[in-house]
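The file entry-v8.cif comes next; it holds mmCIF, C-alpha atoms and all ligand atoms.
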```cif
data_start
#
loop_
_atom_site.label_atom_id
_atom_site.label_comp_id
_atom_site.auth_asym_id
_atom_site.auth_seq_id
_atom_site.Cartn_x
_atom_site.Cartn_y
_atom_site.Cartn_z
CA MET B 1 75.44 57.86 83.01
CA LEU B 2 71.97 56.94 84.24
CA THR B 3 70.25 59.95 82.71
CA GLY B 4 66.56 59.15 82.15
CA VAL B 5 66.63 56.04 84.37
CA HIS B 6 64.15 56.17 87.25
CA VAL B 7 65.45 54.42 90.35
CA ALA B 8 63.18 54.06 93.42
CA PHE B 9 64.53 53.04 96.83
CA LEU B 10 62.18 51.43 99.32
CA GLY B 11 63.65 51.42 102.85
CA GLY B 12 67.16 50.55 103.90
CA ASP B 13 69.98 51.36 106.29
CA ALA B 14 73.25 53.32 106.17
CA ARG B 15 74.51 51.10 103.33
CA GLN B 16 71.76 52.38 101.04
CA LEU B 17 73.04 55.97 101.32
CA GLU B 18 76.12 55.04 99.26
CA VAL B 19 73.91 53.56 96.55
CA ILE B 20 71.64 56.64 96.51
CA LYS B 21 74.70 58.91 96.34
CA LYS B 22 76.11 57.06 93.36
CA CYS B 23 72.77 56.99 91.49
CA VAL B 24 72.46 60.76 92.01
CA GLU B 25 76.05 61.30 90.80
CA MET B 26 75.22 59.27 87.69
CA ASP B 27 72.20 61.53 87.00
CA ALA B 28 69.44 58.96 87.59
CA THR B 29 65.98 60.20 88.60
CA VAL B 30 65.83 59.08 92.22
CA THR B 31 62.73 58.54 94.36
CA LEU B 32 63.03 57.59 98.03
CA ILE B 33 60.16 55.83 99.80
CA GLY B 34 60.42 55.34 103.57
CA PHE B 35 63.15 57.93 104.09
CA ASP B 36 61.11 60.64 105.87
CA ASN B 37 63.65 60.96 108.73
CA LEU B 38 66.68 61.08 106.43
CA GLU B 39 69.19 63.68 107.67
CA SER B 40 71.46 63.80 104.62
CA THR B 41 70.17 65.70 101.64
CA PHE B 42 70.66 64.63 98.07
CA GLN B 43 70.23 67.17 95.28
CA GLY B 44 67.07 66.65 93.22
CA VAL B 45 65.91 63.53 95.05
CA HIS B 46 62.14 63.09 95.62
CA LEU B 47 60.88 61.86 99.01
CA LYS B 48 57.57 60.02 98.59
CA GLU B 49 55.03 58.01 100.58
CA LEU B 50 54.31 54.36 99.83
CA GLU B 51 51.64 54.87 97.18
CA PRO B 52 51.20 52.47 94.23
CA LYS B 53 51.15 55.17 91.52
CA ILE B 54 54.73 56.13 92.34
CA LEU B 55 55.95 52.93 90.73
CA GLU B 56 54.30 53.48 87.36
CA ASP B 57 57.37 54.84 85.58
CA VAL B 58 60.07 53.23 87.75
CA ASP B 59 62.83 51.25 85.97
CA CYS B 60 64.52 49.81 89.06
CA LEU B 61 63.15 49.25 92.53
CA ILE B 62 65.91 48.86 95.11
CA LEU B 63 65.16 47.12 98.38
CA PRO B 64 67.37 46.87 101.49
CA ILE B 65 70.01 44.15 101.79
CA VAL B 66 67.60 41.83 103.62
CA GLY B 67 64.73 42.53 101.20
CA THR B 68 61.46 41.91 103.01
CA ASP B 69 60.64 39.77 106.02
CA GLU B 70 58.41 36.70 105.62
CA ASP B 71 55.31 38.92 105.91
CA GLY B 72 56.45 41.41 103.27
CA TYR B 73 57.58 44.19 105.60
CA VAL B 74 60.58 46.25 104.54
CA GLU B 75 62.83 47.77 107.19
CA SER B 76 63.93 51.37 107.06
CA ILE B 77 66.08 53.00 109.71
CA PHE B 78 65.00 56.31 108.16
CA SER B 79 61.29 55.98 108.90
CA LYS B 80 59.02 54.99 111.78
CA LYS B 81 56.24 54.08 109.34
CA LYS B 82 55.48 50.45 108.52
CA LEU B 83 56.41 49.68 104.93
CA LYS B 84 54.77 46.62 103.41
CA LEU B 85 55.53 45.45 99.90
CA THR B 86 52.11 44.23 98.79
CA GLU B 87 50.98 42.67 95.53
CA GLU B 88 48.72 45.68 94.97
CA PHE B 89 51.66 48.08 95.29
CA LEU B 90 54.05 46.03 93.18
CA SER B 91 51.53 45.40 90.39
CA HIS B 92 52.03 49.06 89.37
CA LEU B 93 55.68 48.41 88.52
CA PRO B 94 56.18 48.10 84.74
CA LYS B 95 56.95 44.52 83.61
CA THR B 96 60.24 45.72 82.09
CA SER B 97 61.47 46.88 85.50
CA LYS B 98 63.84 45.02 87.78
CA ILE B 99 63.89 44.66 91.54
CA TYR B 100 67.28 44.55 93.22
CA THR B 101 67.77 43.27 96.76
CA GLY B 102 70.60 41.80 98.82
CA MET B 103 68.73 38.59 99.44
CA ALA B 104 65.11 37.48 99.07
CA ARG B 105 62.92 35.60 101.50
CA GLN B 106 60.19 33.33 100.14
CA TYR B 107 57.57 36.11 100.38
CA LEU B 108 59.47 38.32 97.93
CA LYS B 109 60.33 35.41 95.63
CA ASN B 110 56.66 34.37 95.45
CA LEU B 111 55.45 37.92 94.87
CA THR B 112 57.88 38.69 92.03
CA ASN B 113 57.29 35.26 90.53
CA ASP B 114 53.50 35.77 90.54
CA LEU B 115 53.86 39.22 88.96
CA GLN B 116 56.61 38.06 86.57
CA ILE B 117 59.03 40.79 87.60
CA ASP B 118 62.77 40.13 87.45
CA LEU B 119 64.36 39.88 90.89
CA VAL B 120 68.13 40.21 91.30
CA GLU B 121 69.72 38.95 94.55
CA LEU B 122 73.02 40.76 94.86
CA LEU B 123 74.51 38.74 97.73
CA ASP B 124 74.29 35.63 95.53
CA ARG B 125 76.81 37.08 93.13
CA ASP B 126 80.42 35.92 93.42
CA ASP B 127 81.84 39.43 93.06
CA VAL B 128 79.67 40.86 95.87
CA ALA B 129 80.35 37.84 98.12
CA ILE B 130 84.12 38.10 97.58
CA TYR B 131 84.21 41.87 98.20
CA ASN B 132 81.99 41.35 101.27
CA SER B 133 84.38 38.73 102.60
CA ILE B 134 86.84 41.56 103.35
CA PRO B 135 84.70 43.38 106.00
CA THR B 136 83.46 39.96 107.16
CA ALA B 137 87.02 38.79 107.89
CA GLU B 138 87.85 42.10 109.61
CA GLY B 139 84.70 41.83 111.74
CA THR B 140 85.61 38.26 112.64
CA ILE B 141 89.06 39.36 113.78
CA MET B 142 87.43 42.11 115.88
CA MET B 143 85.10 39.58 117.54
CA THR B 144 87.99 37.20 118.16
CA ILE B 145 90.02 39.87 119.92
CA GLN B 146 87.00 40.96 121.98
CA ASN B 147 86.31 37.41 123.16
CA THR B 148 89.74 35.97 123.92
CA ASN B 149 92.59 36.63 126.34
CA PHE B 150 95.28 35.29 123.98
CA THR B 151 96.68 36.50 120.68
CA ILE B 152 95.59 35.24 117.30
CA HIS B 153 99.30 35.03 116.50
CA GLY B 154 100.51 31.57 117.49
CA SER B 155 97.01 30.19 118.14
CA ASN B 156 95.60 27.05 116.54
CA ALA B 157 92.82 28.23 114.26
CA ILE B 158 90.45 26.13 112.17
CA VAL B 159 88.32 27.50 109.35
CA LEU B 160 85.46 25.31 108.13
CA GLY B 161 84.49 25.83 104.49
CA PHE B 162 86.68 27.03 101.66
CA GLY B 163 84.26 29.27 99.79
CA ARG B 164 84.26 33.01 99.31
CA THR B 165 84.30 33.80 103.04
CA GLY B 166 86.42 30.87 104.20
CA ILE B 167 89.29 31.59 101.79
CA THR B 168 89.60 35.24 102.84
CA LEU B 169 89.34 34.45 106.54
CA ALA B 170 91.92 31.65 106.35
CA ARG B 171 94.35 33.95 104.55
CA VAL B 172 93.85 36.81 107.04
CA LEU B 173 94.33 34.50 110.04
CA GLY B 174 97.49 33.09 108.46
CA ALA B 175 98.82 36.60 107.83
CA LEU B 176 98.28 37.40 111.53
CA GLY B 177 100.49 34.46 112.50
CA ALA B 178 97.86 31.87 113.46
CA LYS B 179 98.50 28.20 112.68
CA VAL B 180 95.60 27.70 110.32
CA LYS B 181 93.90 24.44 109.38
CA VAL B 182 91.08 24.51 106.85
CA GLY B 183 88.36 21.85 106.59
CA ALA B 184 86.82 21.25 103.16
CA ARG B 185 85.24 18.35 101.31
CA ARG B 186 86.68 18.59 97.79
CA PRO B 187 90.15 17.21 96.96
CA GLU B 188 90.93 20.22 94.76
CA HIS B 189 90.18 22.51 97.70
CA LEU B 190 92.54 20.51 99.91
CA ALA B 191 95.23 20.93 97.24
CA ARG B 192 94.66 24.70 97.10
CA ILE B 193 94.70 25.02 100.90
CA TYR B 194 98.07 23.20 100.91
CA GLU B 195 99.34 25.46 98.12
CA MET B 196 98.44 28.50 100.27
CA GLY B 197 100.73 27.19 103.02
CA LEU B 198 97.80 26.22 105.29
CA GLN B 199 96.96 22.75 106.64
CA PRO B 200 94.08 21.02 104.85
CA PHE B 201 91.84 18.28 106.21
CA TYR B 202 88.63 16.59 105.13
CA ILE B 203 85.60 17.93 106.95
CA SER B 204 84.62 14.32 107.74
CA GLU B 205 87.69 14.24 110.07
CA LEU B 206 86.63 17.33 111.99
CA ALA B 207 86.04 15.64 115.36
CA GLU B 208 89.68 14.42 115.33
CA GLN B 209 91.10 17.79 114.21
CA VAL B 210 89.70 19.97 117.01
CA LYS B 211 91.54 18.45 119.99
CA ASP B 212 94.00 21.36 120.31
CA VAL B 213 91.99 24.11 118.60
CA ASP B 214 91.92 27.60 120.12
CA LEU B 215 89.75 29.33 117.51
CA LEU B 216 87.12 27.58 115.41
CA TYR B 217 85.39 29.49 112.61
CA ASN B 218 82.51 28.01 110.66
CA THR B 219 81.35 29.27 107.25
CA ILE B 220 79.36 26.16 106.24
CA PRO B 221 75.60 26.74 106.38
CA HIS B 222 74.80 23.26 107.70
CA ILE B 223 75.16 21.60 111.11
CA ILE B 224 78.89 20.81 111.08
CA VAL B 225 80.06 21.71 114.58
CA THR B 226 78.04 18.97 116.25
CA ALA B 227 77.98 17.87 119.89
CA LYS B 228 80.49 15.14 118.98
CA VAL B 229 82.91 17.77 117.63
CA ILE B 230 82.40 20.15 120.55
CA ALA B 231 82.96 17.32 123.04
CA ASN B 232 86.53 17.00 121.67
CA MET B 233 87.39 20.71 121.93
CA PRO B 234 89.39 22.28 124.80
CA HIS B 235 87.28 24.38 127.19
CA HIS B 236 89.08 27.65 126.43
CA ALA B 237 88.33 27.42 122.68
CA LEU B 238 86.16 30.04 120.99
CA ILE B 239 83.70 29.22 118.22
CA ILE B 240 82.61 31.97 115.83
CA ASP B 241 79.92 30.86 113.43
CA LEU B 242 79.62 33.06 110.35
CA ALA B 243 77.19 30.90 108.39
CA SER B 244 73.73 32.30 107.74
CA LYS B 245 71.16 31.78 110.50
CA PRO B 246 70.81 29.42 112.33
CA GLY B 247 74.54 28.72 111.73
CA GLY B 248 76.22 25.35 111.69
CA THR B 249 76.94 24.93 115.41
CA ASP B 250 75.13 23.03 118.14
CA PHE B 251 74.95 26.13 120.35
CA ARG B 252 72.93 24.31 123.00
CA TYR B 253 75.67 21.73 123.51
CA ALA B 254 78.45 24.35 123.37
CA GLU B 255 76.76 26.23 126.23
CA LYS B 256 76.29 23.01 128.20
CA ARG B 257 79.98 22.24 127.81
CA GLY B 258 80.98 25.80 128.77
CA ILE B 259 82.52 26.63 125.39
CA LYS B 260 81.86 30.13 124.13
CA ALA B 261 80.10 29.95 120.76
CA LEU B 262 78.93 33.07 118.93
CA LEU B 263 76.70 33.39 115.90
CA ALA B 264 77.91 36.45 114.00
CA PRO B 265 75.56 37.40 111.16
CA GLY B 266 75.74 40.53 109.01
CA LEU B 267 79.27 41.62 109.89
CA PRO B 268 79.88 43.86 106.83
CA GLY B 269 76.86 46.05 107.71
CA ILE B 270 77.95 46.18 111.38
CA VAL B 271 81.68 46.81 111.16
CA ALA B 272 81.91 48.67 107.87
CA PRO B 273 78.52 49.97 106.67
CA LYS B 274 80.17 52.55 104.43
CA THR B 275 82.39 49.98 102.69
CA ALA B 276 79.48 47.53 102.51
CA GLY B 277 77.39 50.26 100.87
CA ILE B 278 80.16 51.08 98.38
CA ILE B 279 80.48 47.38 97.46
CA ILE B 280 76.74 47.21 96.72
CA SER B 281 76.62 50.56 94.94
CA ASN B 282 79.54 49.75 92.61
CA VAL B 283 78.04 46.43 91.53
CA LEU B 284 74.47 47.67 91.42
CA THR B 285 75.09 50.79 89.35
CA LYS B 286 77.09 48.72 86.86
CA LEU B 287 74.16 46.30 86.54
CA ILE B 288 71.65 49.14 86.12
CA LEU B 289 73.90 50.79 83.56
CA GLU B 290 74.14 47.56 81.55
CA GLN B 291 70.38 47.08 81.69
CA PHE B 292 68.98 50.59 81.39
CA GLY B 293 71.92 52.93 80.70
CA ASP B 294 71.98 55.73 78.18
CA GLN B 295 68.19 56.13 78.05
CA GLY B 296 68.78 59.85 77.72
CA GLY B 297 71.16 59.25 74.80
CA ASN B 298 74.27 60.10 76.89
P1 LIG B 301 80.26 29.77 99.66
O1 LIG B 301 81.25 30.48 98.81
O2 LIG B 301 79.14 29.05 99.01
O3 LIG B 301 81.08 28.75 100.60
C1 LIG B 301 80.43 27.80 101.38
C2 LIG B 301 81.41 26.70 101.72
O4 LIG B 301 80.69 25.73 102.49
C3 LIG B 301 81.99 25.97 100.53
O5 LIG B 301 83.34 25.66 100.80
C4 LIG B 301 81.16 24.68 100.47
O6 LIG B 301 81.85 23.58 99.95
C5 LIG B 301 80.94 24.44 101.95
N1 LIG B 301 79.79 23.57 102.19
C6 LIG B 301 78.50 23.81 101.91
N2 LIG B 301 77.74 22.78 102.32
C7 LIG B 301 78.58 21.87 102.87
C8 LIG B 301 78.40 20.62 103.49
N3 LIG B 301 77.18 20.09 103.61
N4 LIG B 301 79.50 19.96 103.94
C9 LIG B 301 80.71 20.49 103.82
N5 LIG B 301 80.96 21.68 103.24
C10 LIG B 301 79.90 22.37 102.78
O7 LIG B 301 79.57 30.75 100.69
P2 LIG B 301 80.21 32.05 101.35
O8 LIG B 301 79.94 33.23 100.50
O9 LIG B 301 81.61 31.76 101.76
O10 LIG B 301 79.30 32.20 102.63
C11 LIG B 301 79.31 31.19 103.61
C12 LIG B 301 78.25 31.47 104.65
O11 LIG B 301 78.57 32.66 105.35
C13 LIG B 301 76.85 31.71 104.08
O12 LIG B 301 75.90 31.13 104.93
C14 LIG B 301 76.73 33.21 104.05
O13 LIG B 301 75.37 33.63 104.12
C15 LIG B 301 77.48 33.56 105.29
N6 LIG B 301 78.04 34.90 105.34
C16 LIG B 301 78.02 35.50 106.55
C17 LIG B 301 78.58 36.72 106.71
C18 LIG B 301 78.58 37.33 108.10
O14 LIG B 301 78.72 38.53 108.24
N7 LIG B 301 78.44 36.51 109.12
C19 LIG B 301 79.15 37.41 105.63
C20 LIG B 301 79.18 36.77 104.40
C21 LIG B 301 78.62 35.51 104.26
P3 LIG B 301 81.76 23.17 98.39
O15 LIG B 301 82.49 24.24 97.67
O16 LIG B 301 82.41 21.85 98.40
O17 LIG B 301 80.28 23.14 98.06
#
```

Here is the file; what I need is its structure written in the form of structure tokens.
Amino acid sequence: MLTGVHVAFLGGDARQLEVIKKCVEMDATVTLIGFDNLESTFQGVHLKELEPKILEDVDCLILPIVGTDEDGYVESIFSKKKLKLTEEFLSHLPKTSKIYTGMARQYLKNLTNDLQIDLVELLDRDDVAIYNSIPTAEGTIMMTIQNTNFTIHGSNAIVLGFGRTGITLARVLGALGAKVKVGARRPEHLARIYEMGLQPFYISELAEQVKDVDLLYNTIPHIIVTAKVIANMPHHALIIDLASKPGGTDFRYAEKRGIKALLAPGLPGIVAPKTAGIIISNVLTKLILEQFGDQGGN
């Protein structure tokens, strides 16, 4: 239980509702800042304005998945007010507190570093990234179907990168009957791709591998799908780039060549906000419990 633990939420989207729900169920004291247009009601939850004093007895401050922008603004779909996480505001947070966010831009990293407050980036964690790969793969399949006039079954698909997202996507495509090749750079990854019944190749050979590709998926957050690679692809091929912005594709050249290339960020929050919220809330409440649990002696 989280009895006696004070959790404050600053901004967020539909995913945050699952986290709030779970904190309430676990008996935490919950304060919501930037939720003035919230339609759902949670028993015993306090709605507050962005005032520094609110933070004085907070154990955990929970920010939205994207944290702040580069100027310190926090987004909330539940408020029209501008929410800025300033040094003045954050300096009221006790030094023993923790801030949890999905990911942190430099602004937030600098601020927490200057104030010596622990910052936890949840999307960095393997467990969160692996769970998130499930809605990501489903969203990728949805986008594929929406943007092609042929089936995934029987198509030549290539997945670039064999990390937490690439593995799940390659497996899902294979299960749907695609002929899946996976590009990676480590020999042990090539061995594992082979073991999974998929066709491995070294990423350095990519330009040679794409000559008959129908579907090309990139998960590598570096420029990998270069003009040289795109020049070798058939015109009907579809590129879906899942890597974090700006992706790993030369979109300018793809457009010039008439090949459809889509950057698809944030799929879990788009296709399955409830599941994405449950993933975050399960991991987050476990972390809070480990750190602050049983303050009320329960
Ligand atoms: P990950 O587990 O770190 O996997 C990244 C893969 O890229 C690894 O196989 C890594 O190879 C490879 N890689 C990195 N740099 C490379 C390079 N220079 N050359 C060749 N291979 C390279 O990351 P992930 O969790 O799968 O996420 C991948 C990307 O997708 C990230 O940018 C993430 O933000 C994004 N993402 C997007 C969505 C969405 O909705 N679009 C959802 C989840 C994640 P090694 O193992 O050899 O280093």

Compute the set of protein, DNA and RNA residues whose minimum atom distance to ligand LIG 301 (chain B) is at most 7 Å, using all atoms listed in the file, and state it as a compact mmCIF listing (two decimals) with C-alpha atoms, in the frame of the given file.
```txt
# COMPACT_ATOMS: atom_id res chain seq x y z
CA ALA B 129 80.35 37.84 98.12
CA ASN B 132 81.99 41.35 101.27
CA SER B 133 84.38 38.73 102.60
CA THR B 136 83.46 39.96 107.16
CA GLY B 161 84.49 25.83 104.49
CA PHE B 162 86.68 27.03 101.66
CA GLY B 163 84.26 29.27 99.79
CA ARG B 164 84.26 33.01 99.31
CA THR B 165 84.30 33.80 103.04
CA GLY B 166 86.42 30.87 104.20
CA ALA B 184 86.82 21.25 103.16
CA ARG B 185 85.24 18.35 101.31
CA ARG B 186 86.68 18.59 97.79
CA ILE B 203 85.60 17.93 106.95
CA THR B 219 81.35 29.27 107.25
CA ILE B 220 79.36 26.16 106.24
CA PRO B 221 75.60 26.74 106.38
CA HIS B 222 74.80 23.26 107.70
CA LEU B 242 79.62 33.06 110.35
CA ALA B 243 77.19 30.90 108.39
CA SER B 244 73.73 32.30 107.74
CA ALA B 264 77.91 36.45 114.00
CA PRO B 265 75.56 37.40 111.16
CA GLY B 266 75.74 40.53 109.01
CA LEU B 267 79.27 41.62 109.89
CA PRO B 268 79.88 43.86 106.83
```

Q: Please identify all polymer residues within 12 Å of Pro94 (chain B), counting only C-alpha atoms, omitting same-chain residues fewer than 6 positions from it, and present them as a PyMOL selection string.
A: chain B and resi 6+52-61+115-118

Writing out the chosen residues with C-alpha atoms as a compact mmCIF listing (two decimals), in the frame of the given file:
```txt
# COMPACT_ATOMS: atom_id res chain seq x y z
CA HIS B 6 64.15 56.17 87.25
CA PRO B 52 51.20 52.47 94.23
CA LYS B 53 51.15 55.17 91.52
CA ILE B 54 54.73 56.13 92.34
CA LEU B 55 55.95 52.93 90.73
CA GLU B 56 54.30 53.48 87.36
CA ASP B 57 57.37 54.84 85.58
CA VAL B 58 60.07 53.23 87.75
CA ASP B 59 62.83 51.25 85.97
CA CYS B 60 64.52 49.81 89.06
CA LEU B 61 63.15 49.25 92.53
CA LEU B 115 53.86 39.22 88.96
CA GLN B 116 56.61 38.06 86.57
CA ILE B 117 59.03 40.79 87.60
CA ASP B 118 62.77 40.13 87.45
```

>> Neighbouring residues of region 223-239 of chain B were defined as those with any atom within 9 Å, considering only C-alpha atoms; residues of the same chain fewer than 3 positions away were excluded. Please report them as a PyMOL selection string.
In response: chain B and resi 144+147-148+160+203+206-218+220+247-254+257-263

Residue among B:Phe89, B:Met103, B:Leu122, B:Ala157 lying closest to Lys286 (chain B), counting all atoms listed in the file |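 Closest to Lys286 (chain B) of all the choices is B:Leu122.
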
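Going from CA of Glu195 (chain B) over to CA of Val182 (chain B), you cover 12.1 Å.
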
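Within 8 Å of Leu17 (chain B), once all atoms listed in the file are used and residues closer than 4 positions along the same chain are dropped, the contacting residues are Asp13, Lys21 and Gly277 of chain B.
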
Within 12 Å of Glu121 (chain B), counting all atoms listed in the file, which residues show up once you throw out same-chain ones fewer than 4 positions away? Write them as a ChimeraX atom specification, please. /B:62-67,98-105,108-109,125-126,128-129,280,283-284,287

| Quick one: of B:Asn110, B:Leu169, B:Lys95, B:Val24, who's nearest to Pro135 (chain B), counting only C-alpha atoms? |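 Of all the options, B:Leu169 lies closest to Pro135 (chain B).
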
As a check of understanding: the span from CA of Asp71 (chain B) to CA of Leu83 (chain B) is 10.9 Å
